[in-house]
>>> print(open('work_23.tsv').read())   # TSV, C-alpha atoms and all ligand atoms
chain	number	residue	atom	x	y	z
A	1	MET	CA	-23.82	-114.53	-123.75
A	2	SER	CA	-22.96	-113.63	-120.20
A	3	ARG	CA	-25.23	-111.20	-118.42
A	4	ARG	CA	-22.71	-110.75	-115.65
A	5	ARG	CA	-22.23	-107.09	-114.90
A	6	ARG	CA	-18.95	-105.44	-114.16
A	7	PRO	CA	-18.54	-103.19	-111.16
A	8	GLY	CA	-19.47	-99.63	-111.91
A	9	ARG	CA	-21.58	-100.43	-114.96
A	10	GLY	CA	-25.20	-101.07	-115.76
A	11	PRO	CA	-28.37	-100.36	-113.79
A	12	GLY	CA	-26.89	-101.64	-110.53
A	13	ARG	CA	-24.67	-98.58	-110.23
A	14	ALA	CA	-27.58	-96.17	-110.56
A	15	LEU	CA	-29.50	-98.05	-107.90
A	16	VAL	CA	-26.53	-98.05	-105.58
A	17	ALA	CA	-26.15	-94.32	-105.94
A	18	ALA	CA	-29.85	-93.81	-105.29
A	19	SER	CA	-29.99	-95.77	-102.05
A	20	PRO	CA	-29.23	-93.99	-98.77
A	21	LEU	CA	-28.74	-97.41	-97.18
A	22	LEU	CA	-25.70	-98.08	-99.29
A	23	ALA	CA	-23.96	-94.87	-98.40
A	24	ALA	CA	-24.29	-95.55	-94.68
A	25	ALA	CA	-22.01	-98.51	-94.17
A	26	CYS	CA	-18.56	-99.80	-95.00
A	27	PHE	CA	-17.64	-103.45	-94.47
A	28	SER	CA	-14.72	-105.74	-95.01
A	29	SER	CA	-15.98	-108.05	-97.76
A	30	PRO	CA	-18.35	-106.10	-99.99
A	31	THR	CA	-19.63	-107.14	-103.36
A	32	PRO	CA	-18.10	-104.60	-105.77
A	33	LEU	CA	-21.49	-103.89	-107.25
A	34	ALA	CA	-23.02	-102.60	-104.02
A	35	PRO	CA	-20.28	-102.03	-101.47
A	36	GLY	CA	-22.53	-101.48	-98.45
A	37	VAL	CA	-24.78	-104.46	-99.03
A	38	GLY	CA	-24.02	-108.08	-98.27
A	39	GLY	CA	-24.69	-111.17	-96.17
A	40	SER	CA	-28.40	-111.93	-95.80
A	41	VAL	CA	-29.86	-109.36	-98.18
A	42	GLY	CA	-33.59	-108.72	-98.40
A	43	ALA	CA	-36.41	-110.80	-96.90
A	44	PRO	CA	-36.58	-114.61	-96.53
A	45	GLN	CA	-39.21	-114.78	-99.29
A	46	HIS	CA	-37.56	-112.19	-101.47
A	47	GLY	CA	-33.84	-112.01	-100.90
A	48	VAL	CA	-30.36	-113.15	-101.83
A	49	LEU	CA	-27.21	-114.22	-100.01
A	50	THR	CA	-23.57	-113.19	-100.21
A	51	ASP	CA	-20.65	-114.37	-98.08
A	52	GLY	CA	-22.59	-117.52	-97.16
A	53	VAL	CA	-20.99	-120.64	-95.74
A	54	GLU	CA	-21.94	-124.21	-96.59
A	55	LEU	CA	-23.08	-126.67	-93.98
A	56	PRO	CA	-20.86	-129.74	-94.47
A	57	ALA	CA	-22.43	-133.03	-95.54
A	58	GLY	CA	-21.95	-134.26	-92.01
A	59	GLY	CA	-20.38	-133.38	-88.70
A	60	PRO	CA	-20.69	-134.10	-84.98
A	61	GLY	CA	-24.31	-135.07	-84.45
A	62	PHE	CA	-25.72	-134.20	-87.87
A	63	VAL	CA	-26.00	-135.33	-91.49
A	64	ARG	CA	-27.55	-133.64	-94.48
A	65	TYR	CA	-30.77	-135.09	-95.88
A	66	ARG	CA	-29.34	-134.62	-99.37
A	67	PRO	CA	-25.59	-135.18	-99.09
A	68	HIS	CA	-24.94	-133.97	-102.63
A	69	GLY	CA	-27.51	-131.17	-102.73
A	70	GLN	CA	-26.70	-127.58	-103.60
A	71	HIS	CA	-28.92	-125.82	-101.09
A	72	HIS	CA	-27.01	-125.94	-97.83
A	73	TRP	CA	-25.71	-122.39	-97.70
A	74	GLY	CA	-26.53	-119.95	-94.97
A	75	THR	CA	-25.21	-117.08	-92.96
A	76	PRO	CA	-22.27	-118.03	-90.74
A	77	VAL	CA	-24.49	-117.52	-87.68
A	78	LEU	CA	-27.15	-119.92	-88.96
A	79	VAL	CA	-24.70	-122.66	-89.97
A	80	ALA	CA	-22.89	-122.37	-86.64
A	81	ALA	CA	-26.19	-122.54	-84.75
A	82	VAL	CA	-27.16	-125.79	-86.49
A	83	GLU	CA	-23.75	-127.33	-85.87
A	84	ARG	CA	-23.73	-126.24	-82.23
A	85	ALA	CA	-27.24	-127.50	-81.51
A	86	ALA	CA	-26.67	-130.86	-83.20
A	87	ALA	CA	-23.41	-131.40	-81.34
A	88	ARG	CA	-25.02	-130.52	-78.03
A	89	VAL	CA	-27.93	-132.93	-78.48
A	90	SER	CA	-25.53	-135.65	-79.53
A	91	THR	CA	-23.27	-135.06	-76.52
A	92	GLU	CA	-26.08	-134.80	-74.01
A	93	ARG	CA	-28.45	-137.45	-75.29
A	94	GLY	CA	-26.60	-139.58	-77.87
A	95	GLY	CA	-28.63	-141.46	-80.45
A	96	GLU	CA	-28.87	-140.99	-84.18
A	97	PRO	CA	-27.79	-137.71	-85.80
A	98	LEU	CA	-29.96	-134.73	-86.63
A	99	VAL	CA	-30.98	-134.82	-90.30
A	100	VAL	CA	-30.73	-131.37	-91.88
A	101	GLY	CA	-32.83	-130.39	-94.90
A	102	ASP	CA	-32.44	-127.37	-97.13
A	103	LEU	CA	-30.93	-124.06	-96.18
A	104	SER	CA	-30.42	-121.71	-99.17
A	105	ALA	CA	-28.62	-121.71	-102.49
A	106	ARG	CA	-25.07	-120.34	-102.48
A	107	ARG	CA	-26.25	-117.00	-103.79
A	108	GLY	CA	-29.72	-117.25	-102.33
A	109	GLY	CA	-32.85	-116.62	-104.35
A	110	LYS	CA	-35.64	-119.03	-105.23
A	111	ILE	CA	-35.05	-122.76	-104.74
A	112	PRO	CA	-37.46	-125.60	-105.59
A	113	GLY	CA	-40.03	-126.55	-102.98
A	114	HIS	CA	-39.81	-123.39	-100.91
A	115	ARG	CA	-41.26	-119.92	-100.90
A	116	SER	CA	-38.69	-118.64	-98.42
A	117	HIS	CA	-35.14	-120.00	-97.85
A	118	ARG	CA	-33.86	-117.22	-100.12
A	119	SER	CA	-31.60	-115.16	-97.88
A	120	GLY	CA	-29.57	-117.65	-95.85
A	121	ARG	CA	-31.59	-117.39	-92.65
A	122	ASP	CA	-33.89	-120.43	-93.03
A	123	VAL	CA	-33.19	-124.10	-92.42
A	124	ASP	CA	-35.36	-127.22	-92.31
A	125	LEU	CA	-34.56	-129.74	-89.59
A	126	LEU	CA	-36.10	-133.18	-89.61
A	127	PHE	CA	-37.38	-134.45	-86.30
A	128	TYR	CA	-35.41	-136.74	-84.06
A	129	THR	CA	-37.28	-140.02	-83.99
A	130	THR	CA	-37.42	-143.31	-82.11
A	131	THR	CA	-39.10	-146.61	-82.66
A	132	PRO	CA	-42.56	-146.84	-81.07
A	133	GLU	CA	-40.81	-148.54	-78.15
A	134	GLY	CA	-38.38	-145.63	-77.70
A	135	ALA	CA	-35.11	-146.78	-79.31
A	136	PRO	CA	-33.43	-143.94	-81.24
A	137	VAL	CA	-33.63	-144.32	-85.01
A	138	ARG	CA	-32.46	-141.94	-87.72
A	139	SER	CA	-35.29	-139.92	-89.23
A	140	PRO	CA	-36.53	-141.80	-92.31
A	141	GLY	CA	-37.64	-138.55	-93.96
A	142	PHE	CA	-40.43	-136.00	-93.95
A	143	LEU	CA	-43.15	-137.99	-92.15
A	144	HIS	CA	-46.36	-136.53	-90.78
A	145	PHE	CA	-46.63	-136.84	-87.01
A	146	GLY	CA	-49.99	-136.70	-85.27
A	147	ALA	CA	-50.97	-135.48	-81.82
A	148	ASP	CA	-50.07	-138.91	-80.45
A	149	GLY	CA	-46.48	-138.35	-81.61
A	150	LEU	CA	-46.56	-141.22	-84.10
A	151	ALA	CA	-45.94	-141.19	-87.86
A	152	ARG	CA	-46.39	-143.97	-90.36
A	153	VAL	CA	-43.33	-144.69	-92.50
A	154	GLN	CA	-44.39	-144.23	-96.10
A	155	GLY	CA	-44.97	-147.45	-98.01
A	156	THR	CA	-44.85	-149.62	-94.90
A	157	ASP	CA	-46.93	-150.53	-91.88
A	158	ASP	CA	-44.16	-149.33	-89.59
A	159	TYR	CA	-44.39	-146.34	-87.29
A	160	VAL	CA	-41.84	-144.07	-85.70
A	161	ARG	CA	-42.26	-141.85	-82.68
A	162	PHE	CA	-41.49	-138.15	-82.26
A	163	ASP	CA	-38.54	-138.08	-79.85
A	164	VAL	CA	-39.82	-135.41	-77.50
A	165	ALA	CA	-36.72	-135.38	-75.28
A	166	ARG	CA	-34.19	-134.88	-78.06
A	167	ASN	CA	-36.40	-132.53	-80.07
A	168	TRP	CA	-36.79	-130.36	-76.98
A	169	ALA	CA	-33.03	-130.44	-76.41
A	170	LEU	CA	-32.65	-129.14	-79.97
A	171	ILE	CA	-35.17	-126.33	-79.42
A	172	GLU	CA	-33.56	-125.47	-76.10
A	173	SER	CA	-30.17	-125.12	-77.75
A	174	LEU	CA	-31.48	-122.98	-80.58
A	175	VAL	CA	-33.73	-120.73	-78.53
A	176	GLY	CA	-31.40	-120.42	-75.57
A	177	SER	CA	-28.37	-119.63	-77.69
A	178	GLU	CA	-27.00	-116.13	-77.42
A	179	GLY	CA	-25.45	-116.42	-80.87
A	180	ALA	CA	-28.58	-117.33	-82.82
A	181	PRO	CA	-31.45	-114.86	-82.69
A	182	VAL	CA	-34.34	-117.19	-83.55
A	183	LEU	CA	-37.29	-115.48	-85.16
A	184	PHE	CA	-39.53	-118.49	-85.82
A	185	ILE	CA	-39.58	-122.24	-85.48
A	186	PHE	CA	-42.49	-123.42	-87.59
A	187	VAL	CA	-44.01	-126.61	-86.20
A	188	SER	CA	-47.54	-127.96	-85.76
A	189	ARG	CA	-49.57	-127.02	-82.70
A	190	GLU	CA	-49.81	-130.64	-81.57
A	191	LEU	CA	-46.06	-131.17	-81.61
A	192	GLU	CA	-45.42	-127.80	-79.97
A	193	ALA	CA	-47.76	-128.90	-77.17
A	194	LEU	CA	-45.82	-132.14	-76.68
A	195	LEU	CA	-42.56	-130.19	-76.49
A	196	LEU	CA	-43.79	-127.57	-74.04
A	197	GLU	CA	-45.45	-130.16	-71.83
A	198	TRP	CA	-42.16	-132.01	-71.62
A	199	ALA	CA	-40.15	-128.84	-71.04
A	200	PHE	CA	-42.51	-127.77	-68.26
A	201	ALA	CA	-42.23	-131.18	-66.62
A	202	LEU	CA	-38.43	-130.86	-66.75
A	203	GLY	CA	-38.64	-127.63	-64.79
A	204	SER	CA	-37.28	-125.46	-67.60
A	205	PRO	CA	-36.97	-121.76	-66.69
A	206	ASP	CA	-39.98	-119.59	-67.41
A	207	SER	CA	-37.92	-117.32	-69.66
A	208	LEU	CA	-36.94	-120.27	-71.86
A	209	LEU	CA	-40.50	-121.59	-71.97
A	210	LEU	CA	-41.77	-118.15	-72.95
A	211	ARG	CA	-39.27	-117.76	-75.76
A	212	ALA	CA	-39.92	-121.26	-77.06
A	213	ALA	CA	-43.69	-120.84	-76.92
A	214	THR	CA	-43.38	-117.51	-78.70
A	215	VAL	CA	-41.19	-118.56	-81.60
A	216	MET	CA	-42.78	-121.97	-82.18
A	217	LEU	CA	-45.68	-121.44	-84.52
A	218	GLN	CA	-47.92	-123.37	-86.87
A	219	PRO	CA	-48.01	-121.10	-89.90
A	220	GLY	CA	-51.41	-120.11	-91.16
A	221	ASP	CA	-50.47	-119.75	-94.80
A	222	SER	CA	-48.64	-123.01	-95.52
A	223	THR	CA	-48.36	-126.64	-94.49
A	224	PRO	CA	-48.79	-127.27	-90.74
A	225	HIS	CA	-45.16	-128.37	-90.37
A	226	ASP	CA	-45.98	-131.67	-88.73
A	227	ASP	CA	-43.07	-133.22	-90.66
A	228	HIS	CA	-40.10	-130.95	-89.82
A	229	PHE	CA	-39.00	-127.82	-87.99
A	230	HIS	CA	-38.43	-124.75	-90.13
A	231	VAL	CA	-36.06	-122.45	-88.24
A	232	ARG	CA	-35.64	-118.81	-89.25
A	233	LEU	CA	-33.16	-116.41	-87.71
A	234	ALA	CA	-33.79	-112.70	-87.23
A	235	CYS	CA	-31.51	-110.05	-88.70
A	236	SER	CA	-28.74	-108.87	-86.41
A	237	ALA	CA	-28.19	-105.12	-86.12
A	238	GLU	CA	-25.18	-105.34	-88.44
A	239	GLU	CA	-27.06	-107.48	-90.95
A	240	ALA	CA	-29.90	-104.96	-91.00
A	241	LEU	CA	-27.45	-102.20	-91.89
A	242	ARG	CA	-26.20	-104.35	-94.77
A	243	GLY	CA	-29.66	-104.93	-96.22
A	244	CYS	CA	-31.18	-107.76	-94.14
A	245	ASP	CA	-34.93	-107.29	-94.07
A	246	GLY	CA	-37.23	-108.58	-91.31
A	247	GLY	CA	-39.25	-111.69	-92.04
A	248	GLY	CA	-41.28	-111.51	-88.82
A	249	PRO	CA	-41.88	-109.64	-85.57
A	250	ARG	CA	-39.07	-108.17	-83.52
A	251	TRP	CA	-39.37	-110.08	-80.24
A	252	ARG	CA	-38.54	-107.99	-77.22
A	253	TRP	CA	-35.48	-110.08	-76.28
A	254	LEU	CA	-33.86	-109.50	-79.67
A	255	PRO	CA	-31.46	-106.55	-79.91
A	256	PRO	CA	-33.07	-103.45	-81.38
A	257	LEU	CA	-32.24	-102.46	-84.91
A	258	GLU	CA	-33.15	-99.94	-87.51
A	259	GLU	CA	-35.03	-101.63	-90.31
A	260	ALA	CA	-33.60	-100.63	-93.66
A	261	ALA	CA	-35.75	-99.67	-96.57
A	262	PRO	CA	-36.55	-102.63	-98.88
A	263	LEU	CA	-34.10	-103.05	-101.72
A	264	ASP	CA	-35.03	-102.82	-105.36
A	265	ASP	CA	-35.65	-106.11	-107.21
A	266	ALA	CA	-33.08	-105.26	-109.85
A	267	LEU	CA	-30.42	-104.60	-107.26
A	268	LEU	CA	-31.14	-107.91	-105.46
A	269	ALA	CA	-30.76	-109.75	-108.76
A	270	ALA	CA	-27.60	-107.88	-109.59
A	271	ILE	CA	-26.02	-108.62	-106.21
A	272	ALA	CA	-26.71	-112.34	-106.58
A	273	GLU	CA	-25.42	-112.32	-110.13
A	274	ASP	CA	-22.23	-110.62	-109.09
A	275	GLU	CA	-21.44	-113.35	-106.54
A	276	GLY	CA	-20.04	-115.74	-109.13
A	277	PRO	CA	-21.01	-118.40	-111.65
A	278	PRO	CA	-24.28	-120.29	-111.29
A	279	ALA	CA	-24.34	-123.35	-109.06
A	280	ALA	CA	-24.44	-126.83	-110.58
A	281	PRO	CA	-27.91	-128.34	-111.13
A	282	GLU	CA	-29.59	-129.88	-108.12
A	283	ASP	CA	-28.91	-133.59	-107.70
A	284	SER	CA	-31.72	-136.01	-108.49
A	285	ALA	CA	-32.29	-136.75	-104.79
A	286	GLY	CA	-33.80	-133.29	-104.56
A	287	ASP	CA	-36.90	-134.46	-106.40
A	288	ASP	CA	-38.36	-136.03	-103.29
A	289	ALA	CA	-38.33	-132.73	-101.47
A	290	PRO	CA	-41.59	-131.98	-99.73
A	291	GLN	CA	-43.38	-128.80	-100.61
A	292	ASP	CA	-42.52	-126.26	-97.95
A	293	ASP	CA	-44.70	-123.24	-98.31
A	294	SER	CA	-43.46	-121.42	-95.26
A	295	SER	CA	-43.93	-117.76	-95.60
B	301	ZN	ZN	-38.46	-124.58	-94.67
>>> encode(input="work_23.tsv", output="structure tokens")
Amino acid sequence: MSRRRRPGRGPGRALVAASPLLAAACFSSPTPLAPGVGGSVGAPQHGVLTDGVELPAGGPGFVRYRPHGQHHWGTPVLVAAVERAAARVSTERGGEPLVVGDLSARRGGKIPGHRSHRSGRDVDLLFYTTTPEGAPVRSPGFLHFGADGLARVQGTDDYVRFDVARNWALIESLVGSEGAPVLFIFVSRELEALLLEWAFALGSPDSLLLRAATVMLQPGDSTPHDDHFHVRLACSAEEALRGCDGGGPRWRWLPPLEEAAPLDDALLAAIAEDEGPPAAPEDSAGDDAPQDDSS
């Protein structure tokens, strides 16, 4: 039996009426259940997504790690930021494409292998890699890179190298972009050091170095992220009014916003449920997903 609720019925309506947040805003594409709430709703570890867009299986300078996966939905700003950064690195430096891991499910919520990635503002990006001699090679997967920038390819005696130049170009595009307010880029301390050393040697502006050094972080409550970047965007002011909830500090260069009160669990579930029928099961390729415990 369907548990799908109709607009104006069930517990969702009472919650809508009780929330001052929902009375404050009016937007063009609301979910009928909660007219003022939409987009990236709730926190990255505890949210849902409406009006998401899907990152295509491939485009200029990027491919998806799981071409047939179901978890490549994000806010329009996040998807555009990934596409823009990948295209820029490809144009400026050539080489093999960026390999993009999971974003979120179409309606957000919990997906396998992740604690966050629930509200359309998180994406995993595999590292650009080269051979040990420096020839660009497509990332073979989630490999663990050490402080020397080398990673052993699983099941072989081969190694690949962390492509510092192209990985920095990616960070520069994401952090320097006006359209993508980056909150965090989770990555290990050793790899962050390689990137900043390179950026400093290039003569990158102090403001860019400061932003990059601030948002790049080895999380203390999950894996060290020596095998991929985990990028999280901050809420925009409009998103915050529609229910987007934090997920990290408000860096001083991000536009100010009024944090909304957290939404009720039942309302989050009801918003996701109202978005449409469930997605198809994840394809079998998803089973090799690494555990990403980013908080
Ligand atoms: Zn992640």
>>> closest_atom_pairs(input="work_23.tsv", of="chain A", to="ligand ZN 301 (chain B)", cutoff="12 Å", atoms="all atoms listed in the file", output="JSON lines")
{"residue": "A:Pro44", "atom": "CA", "partner": "B:ZN301", "partner_atom": "ZN", "distance": 10.3}
{"residue": "A:Gln45", "atom": "CA", "partner": "B:ZN301", "partner_atom": "ZN", "distance": 10.9}
{"residue": "A:His71", "atom": "CA", "partner": "B:ZN301", "partner_atom": "ZN", "distance": 11.6}
{"residue": "A:His72", "atom": "CA", "partner": "B:ZN301", "partner_atom": "ZN", "distance": 12.0}
{"residue": "A:Val100", "atom": "CA", "partner": "B:ZN301", "partner_atom": "ZN", "distance": 10.7}
{"residue": "A:Gly101", "atom": "CA", "partner": "B:ZN301", "partner_atom": "ZN", "distance": 8.1}
{"residue": "A:Asp102", "atom": "CA", "partner": "B:ZN301", "partner_atom": "ZN", "distance": 7.1}
{"residue": "A:Leu103", "atom": "CA", "partner": "B:ZN301", "partner_atom": "ZN", "distance": 7.7}
{"residue": "A:Ser104", "atom": "CA", "partner": "B:ZN301", "partner_atom": "ZN", "distance": 9.7}
{"residue": "A:Ile111", "atom": "CA", "partner": "B:ZN301", "partner_atom": "ZN", "distance": 10.8}
{"residue": "A:Pro112", "atom": "CA", "partner": "B:ZN301", "partner_atom": "ZN", "distance": 11.0}
{"residue": "A:Gly113", "atom": "CA", "partner": "B:ZN301", "partner_atom": "ZN", "distance": 8.7}
{"residue": "A:His114", "atom": "CA", "partner": "B:ZN301", "partner_atom": "ZN", "distance": 6.5}
{"residue": "A:Arg115", "atom": "CA", "partner": "B:ZN301", "partner_atom": "ZN", "distance": 8.3}
{"residue": "A:Ser116", "atom": "CA", "partner": "B:ZN301", "partner_atom": "ZN", "distance": 7.0}
{"residue": "A:His117", "atom": "CA", "partner": "B:ZN301", "partner_atom": "ZN", "distance": 6.5}
{"residue": "A:Arg118", "atom": "CA", "partner": "B:ZN301", "partner_atom": "ZN", "distance": 10.2}
{"residue": "A:Gly120", "atom": "CA", "partner": "B:ZN301", "partner_atom": "ZN", "distance": 11.3}
{"residue": "A:Arg121", "atom": "CA", "partner": "B:ZN301", "partner_atom": "ZN", "distance": 10.1}
{"residue": "A:Asp122", "atom": "CA", "partner": "B:ZN301", "partner_atom": "ZN", "distance": 6.4}
{"residue": "A:Val123", "atom": "CA", "partner": "B:ZN301", "partner_atom": "ZN", "distance": 5.8}
{"residue": "A:Asp124", "atom": "CA", "partner": "B:ZN301", "partner_atom": "ZN", "distance": 4.7}
{"residue": "A:Leu125", "atom": "CA", "partner": "B:ZN301", "partner_atom": "ZN", "distance": 8.2}
{"residue": "A:Leu126", "atom": "CA", "partner": "B:ZN301", "partner_atom": "ZN", "distance": 10.3}
{"residue": "A:Phe142", "atom": "CA", "partner": "B:ZN301", "partner_atom": "ZN", "distance": 11.6}
{"residue": "A:Phe184", "atom": "CA", "partner": "B:ZN301", "partner_atom": "ZN", "distance": 10.8}
{"residue": "A:Ile185", "atom": "CA", "partner": "B:ZN301", "partner_atom": "ZN", "distance": 9.5}
{"residue": "A:Phe186", "atom": "CA", "partner": "B:ZN301", "partner_atom": "ZN", "distance": 8.2}
{"residue": "A:Val187", "atom": "CA", "partner": "B:ZN301", "partner_atom": "ZN", "distance": 10.3}
{"residue": "A:Pro219", "atom": "CA", "partner": "B:ZN301", "partner_atom": "ZN", "distance": 11.2}
{"residue": "A:Ser222", "atom": "CA", "partner": "B:ZN301", "partner_atom": "ZN", "distance": 10.3}
{"residue": "A:Thr223", "atom": "CA", "partner": "B:ZN301", "partner_atom": "ZN", "distance": 10.1}
{"residue": "A:Pro224", "atom": "CA", "partner": "B:ZN301", "partner_atom": "ZN", "distance": 11.4}
{"residue": "A:His225", "atom": "CA", "partner": "B:ZN301", "partner_atom": "ZN", "distance": 8.8}
{"residue": "A:Asp226", "atom": "CA", "partner": "B:ZN301", "partner_atom": "ZN", "distance": 11.9}
{"residue": "A:Asp227", "atom": "CA", "partner": "B:ZN301", "partner_atom": "ZN", "distance": 10.6}
{"residue": "A:His228", "atom": "CA", "partner": "B:ZN301", "partner_atom": "ZN", "distance": 8.2}
{"residue": "A:Phe229", "atom": "CA", "partner": "B:ZN301", "partner_atom": "ZN", "distance": 7.4}
{"residue": "A:His230", "atom": "CA", "partner": "B:ZN301", "partner_atom": "ZN", "distance": 4.5}
{"residue": "A:Val231", "atom": "CA", "partner": "B:ZN301", "partner_atom": "ZN", "distance": 7.2}
{"residue": "A:Arg232", "atom": "CA", "partner": "B:ZN301", "partner_atom": "ZN", "distance": 8.4}
{"residue": "A:Leu233", "atom": "CA", "partner": "B:ZN301", "partner_atom": "ZN", "distance": 12.0}
{"residue": "A:Ala289", "atom": "CA", "partner": "B:ZN301", "partner_atom": "ZN", "distance": 10.6}
{"residue": "A:Pro290", "atom": "CA", "partner": "B:ZN301", "partner_atom": "ZN", "distance": 9.5}
{"residue": "A:Gln291", "atom": "CA", "partner": "B:ZN301", "partner_atom": "ZN", "distance": 8.8}
{"residue": "A:Asp292", "atom": "CA", "partner": "B:ZN301", "partner_atom": "ZN", "distance": 5.5}
{"residue": "A:Asp293", "atom": "CA", "partner": "B:ZN301", "partner_atom": "ZN", "distance": 7.3}
{"residue": "A:Ser294", "atom": "CA", "partner": "B:ZN301", "partner_atom": "ZN", "distance": 5.9}
{"residue": "A:Ser295", "atom": "CA", "partner": "B:ZN301", "partner_atom": "ZN", "distance": 8.8}
>>> closest_residue(input="work_23.tsv", among="A:Arg189, A:Arg242, A:Arg138, A:Arg106", to="Gly94 of chain A", atoms="only C-alpha atoms")
A:Arg138
>>> residues_near_point(input="work_23.tsv", point="(-36.4, -114.6, -84.6)", cutoff="12 Å", atoms="all atoms listed in the file", output="PyMOL selection string")
chain A and resi 44+78+121-122+174-186+211-212+214-217+230-236+246-255
>>> residues_around(input="work_23.tsv", residues="Thr129 of chain A", least_positions_apart="2", cutoff="8 Å", atoms="all atoms listed in the file", output="list of chain:residue names")
A:Phe127, A:Thr131, A:Pro136, A:Val137, A:Arg138, A:Ser139, A:Val160, A:Arg161, A:Phe162, A:Asp163
>>> atom_distance(input="work_23.tsv", atom1="atom CA of Leu257 of chain A", atom2="atom CA of Thr75 of chain A")
18.1 Å
>>> atom_distance(input="work_23.tsv", atom1="atom CA of Glu92 of chain A", atom2="atom CA of Asp148 of chain A")
25.2 Å
>>> decode(input="work_23.tsv", residues="segment 40-52 of chain A", atoms="N, CA and C atoms", output="PDB file, in the first residue's frame")
ATOM      1  N   SER A  40      17.964  22.123  -1.123  1.00  0.00           N
ATOM      2  CA  SER A  40      18.743  21.386  -0.124  1.00  0.00           C
ATOM      3  C   SER A  40      18.101  21.627   1.228  1.00  0.00           C
ATOM      4  N   VAL A  41      17.411  20.627   1.738  1.00  0.00           N
ATOM      5  CA  VAL A  41      16.609  20.794   2.955  1.00  0.00           C
ATOM      6  C   VAL A  41      17.267  20.019   4.096  1.00  0.00           C
ATOM      7  N   GLY A  42      17.509  20.708   5.211  1.00  0.00           N
ATOM      8  CA  GLY A  42      18.135  20.058   6.354  1.00  0.00           C
ATOM      9  C   GLY A  42      19.651  20.064   6.237  1.00  0.00           C
ATOM     10  N   ALA A  43      20.303  19.241   7.060  1.00  0.00           N
ATOM     11  CA  ALA A  43      21.760  19.194   7.142  1.00  0.00           C
ATOM     12  C   ALA A  43      22.312  18.074   6.254  1.00  0.00           C
ATOM     13  N   PRO A  44      23.608  18.153   5.910  1.00  0.00           N
ATOM     14  CA  PRO A  44      24.191  17.112   5.047  1.00  0.00           C
ATOM     15  C   PRO A  44      24.074  15.699   5.619  1.00  0.00           C
ATOM     16  N   GLN A  45      24.075  15.603   6.950  1.00  0.00           N
ATOM     17  CA  GLN A  45      23.965  14.268   7.569  1.00  0.00           C
ATOM     18  C   GLN A  45      22.529  13.927   7.911  1.00  0.00           C
ATOM     19  N   HIS A  46      21.596  14.828   7.599  1.00  0.00           N
ATOM     20  CA  HIS A  46      20.256  14.630   8.134  1.00  0.00           C
ATOM     21  C   HIS A  46      19.247  15.390   7.289  1.00  0.00           C
ATOM     22  N   GLY A  47      19.354  15.294   5.978  1.00  0.00           N
ATOM     23  CA  GLY A  47      18.500  16.120   5.148  1.00  0.00           C
ATOM     24  C   GLY A  47      17.932  15.382   3.957  1.00  0.00           C
ATOM     25  N   VAL A  48      17.248  16.132   3.127  1.00  0.00           N
ATOM     26  CA  VAL A  48      16.661  15.616   1.889  1.00  0.00           C
ATOM     27  C   VAL A  48      16.890  16.638   0.787  1.00  0.00           C
ATOM     28  N   LEU A  49      16.446  16.292  -0.418  1.00  0.00           N
ATOM     29  CA  LEU A  49      16.698  17.146  -1.581  1.00  0.00           C
ATOM     30  C   LEU A  49      15.443  17.199  -2.440  1.00  0.00           C
ATOM     31  N   THR A  50      15.051  18.413  -2.842  1.00  0.00           N
ATOM     32  CA  THR A  50      14.025  18.553  -3.870  1.00  0.00           C
ATOM     33  C   THR A  50      14.610  19.413  -4.985  1.00  0.00           C
ATOM     34  N   ASP A  51      14.011  19.349  -6.143  1.00  0.00           N
ATOM     35  CA  ASP A  51      14.449  20.176  -7.279  1.00  0.00           C
ATOM     36  C   ASP A  51      15.921  19.959  -7.620  1.00  0.00           C
ATOM     37  N   GLY A  52      16.434  18.744  -7.367  1.00  0.00           N
ATOM     38  CA  GLY A  52      17.824  18.459  -7.691  1.00  0.00           C
ATOM     39  C   GLY A  52      18.007  18.264  -9.186  1.00  0.00           C
TER      40      GLY A  52
END
